[in-house]
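S.K.: Here's a structure for you.
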Amino acid sequence: MTESPRRPLPQFPEPDTEAFWAATAGHRLTYQVCRECGQVVFYPRRHCPGCLHGRLEQRDSAGRGTVYTFTVIRQNGHPYFRTRVPYLVGVIDLDEGFRMVAEIDAAPDAVHVDQRVAVGWEDHEGLSVPVFRPE
Amino acid sequence: MAPAAAAIAGIHEFPGRVAGGLSPLQIKAECAAKALEDAGLTWADVDAVYDASEAGPMQGLTIAEYFGVTPRVVDTTAVGGSSYEFHAAHAARDIAAGQASVALLTYGSTAHSESRAIGTGPRPSAGPHPAYNLERPYGLTLIGNYALVARRHMAQYGTTPEQLAEIAVITRRHATRNPQAVAGLADIGIRKHGEITVDDVLGSRLIADPLHLLECCIVSDGGGAVVIVSPAVATGIRRPPVWILGTGEAVGYPGYGADITTTAAVRSGTEAFGRAGVRPGEIDIAMIYDSFTITVLTILEDLGFAKKGEGGALAASGGLAFDQPGGPALNTDGGGLSSNHPGMRGIFLLIEATRQLRGESTAQVPSARLAVAHGNGGLLGTRHAAATIVLGRD
């Protein structure tokens, strides 16, 4: 029996994003804030792009935000995504002040710009993929 | 106008859209030889090479040997499709600094022959990277990335699918005047290669909402070369020089609070027009990187050809056609949408702008004096590079 194609996952070792993905295993969506200058940082990094002596701490997001923009992908040659079309990918502005690209699990006509969404989780071995749903 | 530091002296565009077994390196060398011949120069005159490493890794190390030249300047800036506008900017700068007198820019690709699914295939992976590690699970295709900008532009300004489609319609009309583009569309298997209508565009299938198939660039083979020379060398060339009047470079990486409907062209364009001492309203020819209709729409606004949010009205006005007043003539060779897009189209923007200023285009604007070539590289919705080159003739 052939295995059905799987969703591509982050690649490791990748030291900037390991803590983010480790937290997802406990269904925690995290972002960084600099303890020196207060800058919100996303995607995760070791250094602060806001100041030179930054100390970034990882914080939990409530996982709620608004759709800044989105698209409905109707063609993708990737073996996994080919089985998923049509699917939605959005840019989500989280309430804590960071922005991320993520899948929106909804029907194409059920999503609009500025819509409120909340994070949900798709579990994998050792990590979970954040997927947003309309509130 | 500011005194120009360098001129485009030679150009060549690979005529075919299917390379017929040639390698990207062979395409680069053929185009380089013909562009040097166009200028009346030889390999021995080349003292600077600019290369985006599209035909293999570490080309800064190998391309001079392959060509058989001895450069004093090697520049391997690689920022996707905009690389060639960056190269032109750097060549002008290096020539102005006295570091070079004959700069050679080349491009070659066999994307079509390799059946590369640039817009909808798996994204190439160069090993783990923190940004990609946060995006990889979501299947955001290249087209999808640009669609994010189109959707936001529509929501923010009321831009319509019909207005975006007009850009594809005008560009195809220009392509139908270009015999190489017409032959190419047939050669790569585009069934309908005559003029198209807004209804044709909106009736083609959605690839990533709101972008339709006919709003996406084609995938062809191809290549080209551009020779940029010092004013001293320009006095002895075969063709009229096309002067580099101003250049600007920028990158954009829209994070939280950034407006993704505004591209880095805002910065590169302001710089290029400022250095050239010309205003957007004076430009006759706008060669704008047209990976997708939305790319053109946002960049036209960002370069100052329309106010932000009014690019749709400009597109629908008809003024972007080569034979209509009311705006610069857009992508008169037929663009990436309908002439050629082997993956990184930036060099063709410089080539067609030069043809126009020499009076050699197949959609010639009478007495065109000023042109702009604007390259956009990377992914408009997440991270992109932009370079603007303002060109003029004597």
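Each chain in the structure tokens gets a letter, A, B and so on, in the order shown; residues start at 1 in every chain, and ligands are counted from 1 in the order they appear.
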Please identify which residues in stretch 63-120 of chain A DSSP calls strand (DSSP E or B) from the backbone, and express them as number ranges by chain.

M.R.: A: 64-73, 87-94, 98-104, 116-120

S.K.: Please identify every residue of chain A that has at least one atom no more than 8 Å from any atom of chain B, counting only C-alpha atoms, and report them as a ChimeraX atom specification.

M.R.: /A:7-14,16-17,43-45,68-78,81,89-91,93,97-103,113,129

S.K.: Selection from above, C-alpha atoms, as a PDB file, in the first residue's frame, can you write it?

M.R.:
ATOM      1  CA  ARG A   7       1.925  18.007   4.249  1.00  0.00           C
ATOM      2  CA  PRO A   8       5.474  19.431   3.974  1.00  0.00           C
ATOM      3  CA  LEU A   9       6.769  20.360   7.411  1.00  0.00           C
ATOM      4  CA  PRO A  10       9.519  22.685   8.652  1.00  0.00           C
ATOM      5  CA  GLN A  11      13.043  21.436   8.170  1.00  0.00           C
ATOM      6  CA  PHE A  12      15.465  20.960  11.055  1.00  0.00           C
ATOM      7  CA  PRO A  13      18.045  21.693  12.316  1.00  0.00           C
ATOM      8  CA  GLU A  14      17.032  25.346  12.051  1.00  0.00           C
ATOM      9  CA  ASP A  16      15.807  30.230  14.905  1.00  0.00           C
ATOM     10  CA  THR A  17      12.484  28.415  14.579  1.00  0.00           C
ATOM     11  CA  TYR A  43       9.261  35.082  12.353  1.00  0.00           C
ATOM     12  CA  PRO A  44      11.421  34.000  15.282  1.00  0.00           C
ATOM     13  CA  ARG A  45      15.058  35.030  15.404  1.00  0.00           C
ATOM     14  CA  TYR A  68      -5.234  40.857   6.221  1.00  0.00           C
ATOM     15  CA  THR A  69      -5.518  39.141   2.858  1.00  0.00           C
ATOM     16  CA  PHE A  70      -5.991  35.638   1.462  1.00  0.00           C
ATOM     17  CA  THR A  71      -6.044  33.570  -1.700  1.00  0.00           C
ATOM     18  CA  VAL A  72      -7.693  30.362  -2.812  1.00  0.00           C
ATOM     19  CA  ILE A  73      -5.051  28.058  -4.271  1.00  0.00           C
ATOM     20  CA  ARG A  74      -6.612  26.071  -7.111  1.00  0.00           C
ATOM     21  CA  GLN A  75      -3.485  24.638  -8.730  1.00  0.00           C
ATOM     22  CA  ASN A  76      -0.385  23.241  -7.050  1.00  0.00           C
ATOM     23  CA  GLY A  77       1.814  20.507  -8.483  1.00  0.00           C
ATOM     24  CA  HIS A  78       3.031  19.355  -5.060  1.00  0.00           C
ATOM     25  CA  PHE A  81      -1.312  20.060  -2.048  1.00  0.00           C
ATOM     26  CA  VAL A  89      -3.889  30.565   2.442  1.00  0.00           C
ATOM     27  CA  GLY A  90      -4.096  33.849   4.271  1.00  0.00           C
ATOM     28  CA  VAL A  91      -1.981  36.504   5.886  1.00  0.00           C
ATOM     29  CA  ASP A  93      -2.639  39.807  11.698  1.00  0.00           C
ATOM     30  CA  GLY A  97       0.891  42.656  16.770  1.00  0.00           C
ATOM     31  CA  PHE A  98       2.507  40.115  14.520  1.00  0.00           C
ATOM     32  CA  ARG A  99       1.668  38.826  11.082  1.00  0.00           C
ATOM     33  CA  MET A 100       1.900  35.285   9.751  1.00  0.00           C
ATOM     34  CA  VAL A 101       1.091  33.305   6.635  1.00  0.00           C
ATOM     35  CA  ALA A 102      -1.162  30.348   7.395  1.00  0.00           C
ATOM     36  CA  GLU A 103      -3.838  28.112   6.012  1.00  0.00           C
ATOM     37  CA  VAL A 113     -10.561  40.483   4.163  1.00  0.00           C
ATOM     38  CA  VAL A 129       0.633  23.031  12.330  1.00  0.00           C
TER      39      VAL A 129
END

S.K.: Give me, as a count of residues only, all polymer residues having an atom no more than 10 Å from B:Ser220, counting only C-alpha atoms and skipping those fewer than 6 positions away in the same chain.

M.R.: 22

S.K.: Between B:Gly98, B:Gly392, B:Gly309, B:Pro71, which has the minimum distance to B:Thr354 (counting only C-alpha atoms)?

M.R.: B:Gly392

S.K.: So which residues touch A:Glu36 within 8 Å, counting only C-alpha atoms, skipping near sequence neighbours fewer than 3 positions away, as a ChimeraX atom specification?

M.R.: /A:51,53-55

S.K.: Find the spatial neighbours of A:Phe20, counting only C-alpha atoms, within a cut-off of 8 Å - ignore same-chain residues fewer than 2 positions away - and output them as JSON, numbers by chain.

M.R.: {"A": [17, 18, 22, 23, 24, 29, 30, 31, 44]}

S.K.: Would you compute the distance between atom CA of B:Gly222 and atom CA of B:Glu13? Give it in Å to one decimal.

M.R.: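 Going from atom CA of B:Gly222 over to atom CA of B:Glu13, I get 7.8 Å.
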
S.K.: Taking 2 positions as the minimum chain separation for residues in the same chain, which residues sit within 7 Å of A:Pro5 when counting only C-alpha atoms? Answer as a list of chain:residue names.

M.R.: A:Glu3, A:Arg7, A:Pro79, A:Tyr80

S.K.: Excluding A:Gln32 and its own-chain neighbours fewer than 3 positions away, which residues fall within 8 Å of it when counting only C-alpha atoms? Please give them as a PyMOL selection string.

M.R.: chain A and resi 40-42+44+56-59

S.K.: Can those selected residues be exported to a file as a compact mmCIF listing (two decimals), in the first residue's frame so that it contains N, CA and C atoms?

M.R.:
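Saved the output as part05.txt:
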# COMPACT_ATOMS: atom_id res chain seq x y z
N VAL A 40 8.04 43.67 18.87
CA VAL A 40 7.45 42.36 18.60
C VAL A 40 8.16 41.78 17.37
N VAL A 41 8.60 40.52 17.48
CA VAL A 41 9.40 39.93 16.41
C VAL A 41 8.72 38.66 15.90
N PHE A 42 8.57 38.57 14.59
CA PHE A 42 8.05 37.37 13.96
C PHE A 42 8.44 37.43 12.48
N PRO A 44 10.48 34.00 14.17
CA PRO A 44 11.42 34.00 15.28
C PRO A 44 12.88 34.13 14.84
N LEU A 56 15.35 38.55 23.41
CA LEU A 56 14.00 38.19 22.96
C LEU A 56 13.42 37.12 23.87
N GLU A 57 12.17 37.33 24.27
CA GLU A 57 11.51 36.27 25.03
C GLU A 57 10.33 35.75 24.23
N GLN A 58 10.09 34.47 24.39
CA GLN A 58 9.02 33.81 23.66
C GLN A 58 7.74 33.93 24.48
N ARG A 59 6.69 34.45 23.84
CA ARG A 59 5.41 34.61 24.55
C ARG A 59 4.31 33.85 23.82
